[in-house]
$ cat entry-v2.txt   # compact mmCIF, C-alpha atoms
# COMPACT_ATOMS: atom_id res chain seq x y z
CA MET A 1 -93.10 77.39 -43.21
CA PHE A 2 -91.96 76.17 -39.86
CA THR A 3 -88.36 76.02 -38.73
CA PHE A 4 -87.08 74.07 -35.83
CA GLU A 5 -83.88 75.10 -34.19
CA HIS A 6 -82.11 73.05 -31.60
CA THR A 7 -79.68 74.78 -29.32
CA HIS A 8 -77.67 73.07 -26.63
CA GLN A 9 -76.64 76.34 -25.00
CA THR A 10 -79.23 76.05 -22.22
CA ILE A 11 -78.26 72.43 -21.60
CA ASP A 12 -74.58 73.37 -21.51
CA LEU A 13 -75.31 76.14 -19.02
CA ASN A 14 -77.31 73.78 -16.81
CA ILE A 15 -74.54 71.19 -16.87
CA GLN A 16 -71.98 73.87 -16.04
CA ALA A 17 -74.14 75.10 -13.16
CA MET A 18 -74.45 71.55 -11.81
CA MET A 19 -70.70 71.06 -12.04
CA ASP A 20 -70.14 74.35 -10.21
CA TYR A 21 -72.43 73.29 -7.37
CA LEU A 22 -70.85 69.86 -7.15
CA LEU A 23 -67.23 71.02 -7.24
CA TYR A 24 -67.25 74.43 -5.59
CA SER A 25 -69.59 73.54 -2.74
CA SER A 26 -67.16 70.71 -1.84
CA LEU A 27 -69.87 68.07 -2.30
CA PHE A 28 -67.64 66.24 -4.79
CA LEU A 29 -64.81 66.16 -2.27
CA SER A 30 -67.20 65.02 0.45
CA LEU A 31 -68.43 62.10 -1.63
CA ALA A 32 -64.81 61.20 -2.36
CA ALA A 33 -64.18 61.23 1.41
CA VAL A 34 -66.94 58.64 1.89
CA SER A 35 -65.16 56.50 -0.67
CA LYS A 36 -61.91 56.84 1.30
CA ALA A 37 -63.64 55.69 4.49
CA TYR A 38 -64.98 52.66 2.62
CA VAL A 39 -61.56 51.78 1.18
CA SER A 40 -59.94 52.20 4.60
CA SER A 41 -62.43 49.75 6.11
CA VAL A 42 -61.83 47.19 3.35
CA LEU A 43 -58.04 47.39 3.58
CA GLN A 44 -58.19 46.96 7.36
CA ALA A 45 -60.66 44.07 7.04
CA MET A 46 -63.19 45.91 9.19
CA PRO A 47 -66.96 46.29 8.81
CA VAL A 48 -67.89 49.40 6.83
CA SER A 49 -69.22 51.90 9.37
CA VAL A 50 -72.00 54.25 8.33
CA GLY A 51 -70.88 56.53 11.13
CA ALA A 52 -67.31 56.74 9.81
CA CYS A 53 -68.58 57.48 6.30
CA LEU A 54 -70.96 60.18 7.59
CA ILE A 55 -68.27 61.81 9.70
CA MET A 56 -65.86 61.91 6.75
CA PHE A 57 -68.54 63.46 4.53
CA LEU A 58 -69.43 66.18 7.04
CA VAL A 59 -65.86 66.95 8.08
CA THR A 60 -64.64 67.25 4.49
CA PHE A 61 -67.56 69.48 3.52
CA SER A 62 -66.99 71.72 6.54
CA VAL A 63 -63.21 72.03 6.46
CA TYR A 64 -62.91 72.82 2.76
CA ASN A 65 -65.63 75.46 2.85
CA MET A 66 -64.15 77.05 5.97
CA ASN A 67 -60.73 77.04 4.35
CA ARG A 68 -62.06 78.75 1.23
CA LYS A 69 -63.53 81.46 3.44
CA THR A 70 -60.10 82.18 4.94
CA ASP A 71 -58.34 81.91 1.57
CA GLU A 72 -60.48 84.35 -0.38
CA SER A 73 -57.58 86.60 -1.40
CA GLU A 74 -55.67 83.66 -2.95
CA ASP A 75 -58.79 82.23 -4.59
CA ALA A 76 -59.57 85.58 -6.22
CA ILE A 77 -56.29 85.21 -8.14
CA ASN A 78 -55.86 81.46 -8.56
CA HIS A 79 -59.46 80.31 -8.99
CA SER A 80 -61.72 83.19 -9.99
CA ARG A 81 -64.68 80.99 -10.95
CA ARG A 82 -64.71 79.19 -7.62
CA PHE A 83 -64.21 82.52 -5.83
CA ALA A 84 -67.29 83.94 -7.57
CA PHE A 85 -69.33 80.88 -6.54
CA THR A 86 -68.24 80.93 -2.91
CA GLN A 87 -68.91 84.66 -2.70
CA LYS A 88 -72.39 84.22 -4.10
CA TYR A 89 -73.29 81.51 -1.57
CA ALA A 90 -70.98 82.67 1.21
CA ASP A 91 -73.52 82.66 4.06
CA VAL A 92 -75.09 79.33 3.09
CA LEU A 93 -71.70 77.61 2.81
CA TRP A 94 -70.34 79.11 6.02
CA TYR A 95 -73.28 78.30 8.27
CA SER A 96 -73.80 74.85 6.76
CA SER A 97 -70.09 74.17 7.38
CA LEU A 98 -70.41 75.09 11.06
CA ALA A 99 -73.56 72.99 11.38
CA GLY A 100 -71.91 70.11 9.53
CA TYR A 101 -68.95 69.95 11.90
CA ALA A 102 -71.24 70.18 14.91
CA VAL A 103 -73.19 67.15 13.64
CA ALA A 104 -69.91 65.34 12.92
CA PHE A 105 -68.85 65.83 16.55
CA LEU A 106 -72.23 64.59 17.79
CA VAL A 107 -71.93 61.44 15.68
CA ALA A 108 -68.32 60.92 16.77
CA GLY A 109 -69.31 61.39 20.40
CA TYR A 110 -71.65 58.44 20.09
CA TYR A 111 -68.70 56.21 19.14
CA GLY A 112 -66.39 57.41 21.89
CA PRO A 113 -63.24 59.46 22.57
CA TRP A 114 -61.07 57.95 19.82
CA ALA A 115 -63.67 58.85 17.20
CA LEU A 116 -63.93 62.36 18.66
CA LEU A 117 -60.16 62.78 18.54
CA ALA A 118 -59.92 61.60 14.92
CA THR A 119 -62.80 63.91 13.97
CA ALA A 120 -61.06 66.89 15.58
CA VAL A 121 -57.79 66.43 13.67
CA PRO A 122 -58.91 68.07 10.36
CA LEU A 123 -60.45 71.02 12.24
CA ALA A 124 -57.33 71.59 14.34
CA SER A 125 -55.18 71.27 11.23
CA GLY A 126 -57.44 73.66 9.32
CA VAL A 127 -57.09 76.28 12.06
CA LEU A 128 -53.31 75.90 12.15
CA TYR A 129 -53.28 75.92 8.34
CA SER A 130 -55.27 79.09 7.76
CA ILE A 131 -55.07 81.31 10.85
CA PRO A 132 -52.08 83.70 11.25
CA PHE A 133 -51.00 82.58 14.73
CA LEU A 134 -47.20 82.57 14.39
CA PRO A 135 -45.34 85.50 16.02
CA LYS A 136 -44.91 88.63 13.97
CA GLU A 137 -41.15 88.19 14.25
CA CYS A 138 -41.41 85.03 12.15
CA ARG A 139 -41.10 85.22 8.39
CA TYR A 140 -44.43 83.41 8.02
CA ARG A 141 -47.65 83.94 9.99
CA ARG A 142 -49.63 80.91 8.80
CA LEU A 143 -48.48 77.31 8.41
CA LYS A 144 -49.89 77.22 4.89
CA ASP A 145 -47.29 79.82 3.93
CA VAL A 146 -44.37 77.72 5.22
CA PRO A 147 -42.81 75.76 2.35
CA LEU A 148 -43.44 71.99 2.57
CA VAL A 149 -45.13 72.27 6.01
CA LYS A 150 -48.42 73.05 4.32
CA ASN A 151 -48.37 69.84 2.28
CA LEU A 152 -47.27 67.73 5.24
CA LEU A 153 -50.07 69.17 7.36
CA ILE A 154 -52.68 68.47 4.69
CA GLY A 155 -51.43 64.90 4.38
CA LEU A 156 -51.69 64.29 8.12
CA ALA A 157 -55.03 66.07 8.44
CA TRP A 158 -56.72 63.58 6.12
CA ALA A 159 -54.65 60.45 6.72
CA VAL A 160 -55.42 60.30 10.46
CA PRO A 161 -59.25 60.34 10.34
CA VAL A 162 -59.45 58.11 7.26
CA ALA A 163 -57.21 55.50 8.87
CA CYS A 164 -58.58 55.71 12.42
CA LEU A 165 -62.34 56.31 12.12
CA PRO A 166 -63.25 52.84 10.79
CA ALA A 167 -61.61 51.23 13.84
CA ALA A 168 -62.95 53.82 16.29
CA CYS A 169 -66.51 53.51 14.96
CA THR A 170 -66.58 49.71 14.95
CA GLY A 171 -64.75 49.09 18.20
CA THR A 172 -61.98 47.26 16.35
CA PRO A 173 -58.42 47.53 17.74
CA PHE A 174 -55.92 49.56 15.75
CA GLY A 175 -53.35 47.40 13.99
CA MET A 176 -50.48 47.45 11.55
CA MET A 177 -52.86 47.95 8.64
CA THR A 178 -54.14 51.13 10.30
CA VAL A 179 -50.61 52.52 9.96
CA VAL A 180 -50.31 51.27 6.38
CA VAL A 181 -53.65 52.81 5.41
CA GLY A 182 -52.61 56.06 7.08
CA LEU A 183 -49.38 56.09 5.08
CA PHE A 184 -51.27 55.32 1.87
CA PHE A 185 -53.73 58.19 2.25
CA PHE A 186 -51.05 60.55 3.55
CA LEU A 187 -49.13 59.89 0.34
CA LEU A 188 -52.18 60.55 -1.85
CA SER A 189 -53.10 63.74 0.02
CA PHE A 190 -49.54 65.09 -0.08
CA ILE A 191 -49.27 64.44 -3.82
CA ASN A 192 -52.69 65.96 -4.52
CA SER A 193 -51.99 69.13 -2.56
CA THR A 194 -48.74 69.58 -4.48
CA VAL A 195 -50.44 68.88 -7.82
CA PHE A 196 -52.90 71.67 -7.03
CA ASP A 197 -49.94 73.90 -6.20
CA ILE A 198 -48.75 73.24 -9.75
CA ARG A 199 -52.12 74.45 -10.99
CA ASP A 200 -51.83 77.62 -8.90
CA VAL A 201 -48.12 78.23 -9.43
CA ALA A 202 -48.55 81.50 -11.35
CA GLY A 203 -50.83 83.06 -8.75
CA ASP A 204 -48.74 81.80 -5.84
CA ALA A 205 -45.54 83.15 -7.36
CA GLY A 206 -47.23 86.49 -8.00
CA THR A 207 -48.37 86.80 -4.38
CA GLY A 208 -45.10 85.61 -2.88
CA VAL A 209 -46.39 82.23 -1.61
CA LYS A 210 -43.47 79.77 -1.56
CA THR A 211 -45.01 76.46 -2.60
CA ILE A 212 -42.95 73.49 -3.77
CA PRO A 213 -43.58 74.25 -7.50
CA VAL A 214 -42.69 77.91 -6.96
CA MET A 215 -39.37 76.95 -5.37
CA LEU A 216 -38.43 73.98 -7.56
CA GLY A 217 -40.25 74.73 -10.79
CA ILE A 218 -42.89 72.52 -12.38
CA ARG A 219 -40.49 70.02 -14.01
CA LYS A 220 -38.54 69.25 -10.83
CA THR A 221 -41.76 69.13 -8.80
CA LYS A 222 -43.18 66.50 -11.16
CA ILE A 223 -39.98 64.46 -10.81
CA LEU A 224 -40.28 64.67 -7.02
CA LEU A 225 -43.95 63.65 -7.09
CA SER A 226 -43.21 60.77 -9.46
CA PHE A 227 -40.59 59.44 -7.07
CA LEU A 228 -42.89 59.82 -4.04
CA ASN A 229 -45.77 58.14 -5.86
CA LEU A 230 -43.88 55.12 -7.19
CA ALA A 231 -41.56 54.62 -4.22
CA GLY A 232 -44.32 55.33 -1.71
CA ILE A 233 -46.75 52.86 -3.23
CA ALA A 234 -43.96 50.28 -3.40
CA VAL A 235 -43.43 50.71 0.36
CA VAL A 236 -47.19 50.44 1.00
CA LEU A 237 -47.42 47.24 -1.04
CA TRP A 238 -44.40 45.78 0.74
CA LEU A 239 -45.86 46.57 4.17
CA CYS A 240 -49.20 44.96 3.38
CA ARG A 241 -47.77 41.91 1.63
CA GLY A 242 -49.70 38.81 2.60
CA ALA A 243 -52.37 40.86 4.38
CA LEU A 244 -54.51 41.65 1.33
CA PRO A 245 -56.14 39.53 -1.37
CA PHE A 246 -54.45 39.77 -4.77
CA LEU A 247 -57.20 41.89 -6.34
CA GLU A 248 -57.07 44.50 -3.56
CA THR A 249 -53.30 44.69 -3.96
CA LEU A 250 -53.79 45.10 -7.70
CA VAL A 251 -56.21 48.01 -7.09
CA ILE A 252 -53.57 49.87 -5.09
CA ALA A 253 -51.00 49.31 -7.83
CA ALA A 254 -53.48 50.44 -10.49
CA LEU A 255 -54.21 53.63 -8.58
CA ALA A 256 -50.49 54.41 -8.47
CA LEU A 257 -50.45 54.26 -12.28
CA TYR A 258 -53.50 56.54 -12.44
CA VAL A 259 -51.83 59.06 -10.11
CA GLN A 260 -48.65 58.90 -12.16
CA GLY A 261 -50.70 59.67 -15.25
CA TYR A 262 -52.02 62.96 -13.97
CA ILE A 263 -48.69 63.91 -12.43
CA VAL A 264 -47.21 63.66 -15.92
CA PHE A 265 -50.20 65.20 -17.71
CA PHE A 266 -50.95 68.22 -15.55
CA ASP A 267 -48.60 71.13 -16.11
CA GLY A 268 -50.53 74.12 -14.77
CA SER A 269 -51.70 75.29 -18.19
CA GLU A 270 -55.09 76.92 -18.60
CA LEU A 271 -56.14 74.19 -21.03
CA ASN A 272 -56.48 71.52 -18.38
CA ARG A 273 -57.13 73.60 -15.23
CA ILE A 274 -60.77 72.50 -15.03
CA LEU A 275 -59.72 68.84 -15.06
CA TYR A 276 -57.78 69.06 -11.80
CA ASP A 277 -60.81 68.80 -9.53
CA LEU A 278 -62.40 65.98 -11.50
CA VAL A 279 -59.30 63.90 -12.15
CA ALA A 280 -57.15 64.47 -9.07
CA ASP A 281 -59.92 64.57 -6.45
CA GLY A 282 -61.91 61.99 -8.38
CA GLN A 283 -59.19 59.41 -7.81
CA ASN A 284 -60.80 58.49 -4.49
CA LEU A 285 -64.14 57.73 -6.14
CA LEU A 286 -62.29 55.63 -8.72
CA LEU A 287 -60.40 53.89 -5.92
CA GLY A 288 -63.64 53.13 -4.07
CA GLY A 289 -65.28 51.76 -7.20
CA MET A 290 -62.33 49.53 -8.05
CA MET A 291 -62.07 48.30 -4.47
CA TYR A 292 -65.79 47.45 -4.39
CA LEU A 293 -65.42 45.39 -7.57
CA ALA A 294 -62.37 43.66 -6.07
CA VAL A 295 -64.34 42.80 -2.93
CA ILE A 296 -67.35 41.35 -4.75
CA CYS A 297 -65.07 39.37 -7.06
CA VAL A 298 -63.30 37.81 -4.07
CA VAL A 299 -66.64 36.99 -2.45
$ encode --input "entry-v2.txt" --output "C-alpha cells"
Amino acid sequence: MFTFEHTHQTIDLNIQAMMDYLLYSSLFLSLAAVSKAYVSSVLQAMPVSVGACLIMFLVTFSVYNMNRKTDESEDAINHSRRFAFTQKYADVLWYSSLAGYAVAFLVAGYYGPWALLATAVPLASGVLYSIPFLPKECRYRRLKDVPLVKNLLIGLAWAVPVACLPAACTGTPFGMMTVVVGLFFFLLSFINSTVFDIRDVAGDAGTGVKTIPVMLGIRKTKILLSFLNLAGIAVVLWLCRGALPFLETLVIAALALYVQGYIVFFDGSELNRILYDLVADGQNLLLGGMMYLAVICVV
C-alpha cells in the first residue's frame, strides 16, 4: 500500500555544492595556509602566532580569488566547473578578496614592518604574475606566460610569508631554520604549481601557454618533479639535521613520500582531475595534522 523510496541524489548534490564552495572559493586553500603557518612555527621552534595564521588565511583567500579573476579566459578552458562558480559569485569573491587583503595589512601593521613586507610579497607576486606589464616587443606580456618563471614566482610568493611571518609576528630573530623552512615550502609550492600544469596541459597547449609539461611532456615532467622532490627533501633534512626532534624529521620525510605518490599517480587524465585540489593542496592540512601529532608525542 505504501512504498518508501530512498534517493541519495539530493544528498549528493548538497555534498557537491559544499565541495564547490570549499574548493572554488579558495577556503580550502586558505585553511591549508593556516596549517603551513603552524608547521613553520613548529619547525622554527617559535610560538604559534594567531596573527601569522590569520594573515596567511586572508592573503591566500585574497590572492587566489584575485588571480582567478584575471585568469578567466584560461579557466574557461581548463577548469569549466570552477569558472562557472567564480562567475556566479564574481562580485562577492572580488570584494571579499579586496577586504581580506586590507584586513591582512592592518593585522600585519600591528606586528611591524617585517610582517608588512612579508604580507605584501604574495600581492606583489600576484600582480607581476597576472598583469601584462612587459613591453609589447617582448614575446611574453605576463610573467605567468614565461616558461619556468611562473613556477619559480609562485614558489617564492608563498615560501617567503610562510617562513617569515612566524618570526615577524612573535618578535623572534630570523635564523637558519627560517631559510630551511623557506626552502621546504618553496619546493612544495613549485612542485604543486607544476602538478597543476600537468592537469591543465591540454588547455595550455591549445592556447599556446608554454608550461613545463607542455614543453617537456608529462612523462619527463614527472621525472623532473620526482628528482626535485626526493633530492630537495634530502637537502632540507640535511640542513636541519640535529635541529629537529626525530618525529618532526620523520614527518617531513613522510610528506616527501606522499608528494611522490601523487606525482606518480596524477597524469592529467579526466578520471582524476577532481582529486588534484583535494590531494595536492590537501598535503598542507595533512602536514599540519602529522606535525601536531609529532609535537604532542614529544611533549
$ residues_near_point --input "entry-v2.txt" --point "(-45.8, 80.0, -3.7)" --cutoff "10 Å" --atoms "all atoms listed in the file" --output "count of residues only"
22
$ atom_distance --input "entry-v2.txt" --atom1 "CA of Phe265 (chain A)" --atom2 "CA of Tyr129 (chain A)"
28.3 Å
$ closest_residue --input "entry-v2.txt" --among "A:Gly155, A:Gly261, A:Gly175, A:Pro166" --to "Val34 (chain A)" --atoms "only C-alpha atoms"
A:Pro166
$ residues_around --input "entry-v2.txt" --residues "region 280-294 of chain A" --least-positions-apart "3" --cutoff "7 Å" --atoms "only C-alpha atoms" --output "list in words"
Leu29, Ala32, Ser35, Lys36, Tyr38, Val39, Asn192, Leu247, Glu248, Val251, Leu255, Tyr276, Asp277, Cys297 and Val298 of chain A
$ write_last_selection --input "entry-v2.txt" --atoms "C-alpha atoms" --output "compact mmCIF listing (two decimals), keeping the file's coordinate frame"
# COMPACT_ATOMS: atom_id res chain seq x y z
CA LEU A 29 -64.81 66.16 -2.27
CA ALA A 32 -64.81 61.20 -2.36
CA SER A 35 -65.16 56.50 -0.67
CA LYS A 36 -61.91 56.84 1.30
CA TYR A 38 -64.98 52.66 2.62
CA VAL A 39 -61.56 51.78 1.18
CA ASN A 192 -52.69 65.96 -4.52
CA LEU A 247 -57.20 41.89 -6.34
CA GLU A 248 -57.07 44.50 -3.56
CA VAL A 251 -56.21 48.01 -7.09
CA LEU A 255 -54.21 53.63 -8.58
CA TYR A 276 -57.78 69.06 -11.80
CA ASP A 277 -60.81 68.80 -9.53
CA CYS A 297 -65.07 39.37 -7.06
CA VAL A 298 -63.30 37.81 -4.07
$ build_atoms --input "entry-v2.txt" --residues "region 151-174 of chain A" --atoms "N, CA, C and O atoms" --output "mmCIF file, in the frame of the given file"
data_model
loop_
_atom_site.group_PDB
_atom_site.id
_atom_site.type_symbol
_atom_site.label_atom_id
_atom_site.label_comp_id
_atom_site.auth_asym_id
_atom_site.auth_seq_id
_atom_site.Cartn_x
_atom_site.Cartn_y
_atom_site.Cartn_z
ATOM 1 N N ASN A 151 -48.029 71.115 2.900
ATOM 2 C CA ASN A 151 -48.370 69.840 2.280
ATOM 3 C C ASN A 151 -48.315 68.682 3.270
ATOM 4 O O ASN A 151 -49.135 67.768 3.221
ATOM 5 N N LEU A 152 -47.351 68.744 4.198
ATOM 6 C CA LEU A 152 -47.270 67.730 5.240
ATOM 7 C C LEU A 152 -48.489 67.787 6.153
ATOM 8 O O LEU A 152 -49.043 66.748 6.544
ATOM 9 N N LEU A 153 -48.916 68.993 6.488
ATOM 10 C CA LEU A 153 -50.070 69.170 7.360
ATOM 11 C C LEU A 153 -51.349 68.660 6.705
ATOM 12 O O LEU A 153 -52.174 67.993 7.349
ATOM 13 N N ILE A 154 -51.513 68.953 5.417
ATOM 14 C CA ILE A 154 -52.680 68.470 4.690
ATOM 15 C C ILE A 154 -52.685 66.944 4.655
ATOM 16 O O ILE A 154 -53.722 66.300 4.860
ATOM 17 N N GLY A 155 -51.516 66.360 4.410
ATOM 18 C CA GLY A 155 -51.430 64.900 4.380
ATOM 19 C C GLY A 155 -51.838 64.278 5.699
ATOM 20 O O GLY A 155 -52.624 63.321 5.738
ATOM 21 N N LEU A 156 -51.345 64.819 6.802
ATOM 22 C CA LEU A 156 -51.690 64.290 8.120
ATOM 23 C C LEU A 156 -53.147 64.531 8.469
ATOM 24 O O LEU A 156 -53.802 63.679 9.077
ATOM 25 N N ALA A 157 -53.658 65.706 8.094
ATOM 26 C CA ALA A 157 -55.030 66.070 8.440
ATOM 27 C C ALA A 157 -56.044 65.074 7.892
ATOM 28 O O ALA A 157 -57.083 64.817 8.529
ATOM 29 N N TRP A 158 -55.771 64.510 6.715
ATOM 30 C CA TRP A 158 -56.720 63.580 6.120
ATOM 31 C C TRP A 158 -56.333 62.123 6.311
ATOM 32 O O TRP A 158 -57.197 61.236 6.321
ATOM 33 N N ALA A 159 -55.064 61.835 6.512
ATOM 34 C CA ALA A 159 -54.650 60.450 6.720
ATOM 35 C C ALA A 159 -55.134 59.924 8.070
ATOM 36 O O ALA A 159 -55.582 58.773 8.177
ATOM 37 N N VAL A 160 -55.063 60.750 9.110
ATOM 38 C CA VAL A 160 -55.420 60.300 10.460
ATOM 39 C C VAL A 160 -56.891 59.897 10.573
ATOM 40 O O VAL A 160 -57.198 58.773 11.005
ATOM 41 N N PRO A 161 -57.848 60.758 10.196
ATOM 42 C CA PRO A 161 -59.250 60.340 10.340
ATOM 43 C C PRO A 161 -59.630 59.185 9.411
ATOM 44 O O PRO A 161 -60.401 58.308 9.808
ATOM 45 N N VAL A 162 -59.114 59.190 8.194
ATOM 46 C CA VAL A 162 -59.450 58.110 7.260
ATOM 47 C C VAL A 162 -58.963 56.771 7.792
ATOM 48 O O VAL A 162 -59.675 55.762 7.707
ATOM 49 N N ALA A 163 -57.770 56.742 8.371
ATOM 50 C CA ALA A 163 -57.210 55.500 8.870
ATOM 51 C C ALA A 163 -57.851 55.064 10.191
ATOM 52 O O ALA A 163 -58.054 53.871 10.425
ATOM 53 N N CYS A 164 -58.178 56.031 11.051
ATOM 54 C CA CYS A 164 -58.580 55.710 12.420
ATOM 55 C C CYS A 164 -60.095 55.598 12.627
ATOM 56 O O CYS A 164 -60.537 54.849 13.512
ATOM 57 N N LEU A 165 -60.899 56.323 11.877
ATOM 58 C CA LEU A 165 -62.340 56.310 12.120
ATOM 59 C C LEU A 165 -62.991 54.945 11.935
ATOM 60 O O LEU A 165 -63.869 54.568 12.731
ATOM 61 N N PRO A 166 -62.626 54.160 10.911
ATOM 62 C CA PRO A 166 -63.250 52.840 10.790
ATOM 63 C C PRO A 166 -63.063 51.978 12.035
ATOM 64 O O PRO A 166 -63.992 51.296 12.474
ATOM 65 N N ALA A 167 -61.863 52.016 12.614
ATOM 66 C CA ALA A 167 -61.610 51.230 13.840
ATOM 67 C C ALA A 167 -62.367 51.831 15.019
ATOM 68 O O ALA A 167 -62.990 51.111 15.808
ATOM 69 N N ALA A 168 -62.305 53.161 15.152
ATOM 70 C CA ALA A 168 -62.950 53.820 16.290
ATOM 71 C C ALA A 168 -64.461 53.631 16.266
ATOM 72 O O ALA A 168 -65.100 53.525 17.321
ATOM 73 N N CYS A 169 -65.047 53.600 15.076
ATOM 74 C CA CYS A 169 -66.510 53.510 14.960
ATOM 75 C C CYS A 169 -67.032 52.082 14.982
ATOM 76 O O CYS A 169 -68.245 51.863 15.051
ATOM 77 N N THR A 170 -66.146 51.107 14.901
ATOM 78 C CA THR A 170 -66.580 49.710 14.950
ATOM 79 C C THR A 170 -66.059 48.992 16.181
ATOM 80 O O THR A 170 -66.337 47.807 16.383
ATOM 81 N N GLY A 171 -65.296 49.708 17.004
ATOM 82 C CA GLY A 171 -64.750 49.090 18.200
ATOM 83 C C GLY A 171 -63.670 48.070 17.919
ATOM 84 O O GLY A 171 -63.388 47.195 18.735
ATOM 85 N N THR A 172 -63.034 48.190 16.743
ATOM 86 C CA THR A 172 -61.980 47.260 16.350
ATOM 87 C C THR A 172 -60.619 47.823 16.771
ATOM 88 O O THR A 172 -60.367 49.022 16.595
ATOM 89 N N PRO A 173 -59.743 47.018 17.323
ATOM 90 C CA PRO A 173 -58.420 47.530 17.740
ATOM 91 C C PRO A 173 -57.619 48.042 16.539
ATOM 92 O O PRO A 173 -57.697 47.494 15.438
ATOM 93 N N PHE A 174 -56.849 49.083 16.769
ATOM 94 C CA PHE A 174 -55.920 49.560 15.750
ATOM 95 C C PHE A 174 -54.843 48.512 15.541
ATOM 96 O O PHE A 174 -54.418 47.845 16.489
#
